[in-house]
Amino acid sequence: MTASRRSLLLGSAGLAVSGCLFDRAYYERNAQQKAFLDGLQALAKPALASNNPLQTEEAAKQSVVLSAKIGAFSDWRGILKQIDGNAQNVAVTLEIGPQVSLYAFNDWTLALAGRASDFFSTRSRETPPPGLSDGAIAALKTFRLGQTVAISGRMGEIAGSGLFDLTRLFGKGDGDNRQFLQAPRFVARIETLAPGE
């Protein structure tokens, strides 16, 4: 076999191996992120198939418990779906899996007004922490919508503030619980954002 044929075969094999690494979806590259998404699916799928409102309610509650157990996370991948507001009152939505998103915001007065007030069952006299760090806001200025980004932050009680009882996030009826299970959205604190592959 000639040297050029060998290098062609070796080069093709190398591309095939490296191609396997990049064939995985963005949300499957981080083990913690994949385990979280698999856990959400394991809760949602049987509950939605049951058509039992008690099962959908319990699955929605357990999904929030699962997110609280995550706590701090790093190097997750997400697609930047929406940016609202300005540098002082920014709100951002990141899709971290199929129809699963993280939502972070810095304007608590807007978040506590209107329909969003149903999201919160307790209020603290202390000023709540911002949902995005200054570094994350600076990084947001360099990204475009639809871009894959690397995310590090915290889910559950935002930065340990104790402000939320997230079980209130879904509304009161079976329709709200079903909607949440089909497209869950979790509040998070975003510490860092960086370009993702």
# chains A, B, ... in the order shown; residues from 1 in each chain; ligands from 1
>>> residues_around(residues="Phe36 in chain A", least_positions_apart="4", cutoff="10 Å", atoms="only C-alpha atoms", output="list of chain:residue names")
A:Ala31, A:Gln32, A:Leu40, A:Gln41, A:Ala42, A:Ser63, A:Leu66, A:Ser67, A:Lys69, A:Ile70, A:Gly97
>>> residues_around(residues="range 75-81 of chain A", least_positions_apart="2", cutoff="6 Å", atoms="only C-alpha atoms", output="MDAnalysis selection string")
chainID A and resid 26:27 30 93:96 145:152
>>> atom_distance(atom1="CA of Val90 in chain A", atom2="CA of Leu181 in chain A")
26.1 Å
>>> atom_distance(atom1="CA of Ser133 in chain A", atom2="CA of Ala104 in chain A")
10.1 Å
>>> atom_distance(atom1="CA of Leu132 in chain A", atom2="CA of Arg189 in chain A")
5.7 Å
>>> residues_around(residues="Ala139 in chain A", least_positions_apart="6", cutoff="8 Å", atoms="only C-alpha atoms", output="ChimeraX atom specification")
/A:192-194
>>> closest_residue(among="A:Pro46, A:Gly39, A:Pro195, A:Pro98", to="Lys141 in chain A", atoms="only C-alpha atoms")
A:Pro195
>>> closest_residue(among="A:Glu28, A:Asp38, A:Glu57, A:Glu191", to="Gln179 in chain A", atoms="only C-alpha atoms")
A:Glu57
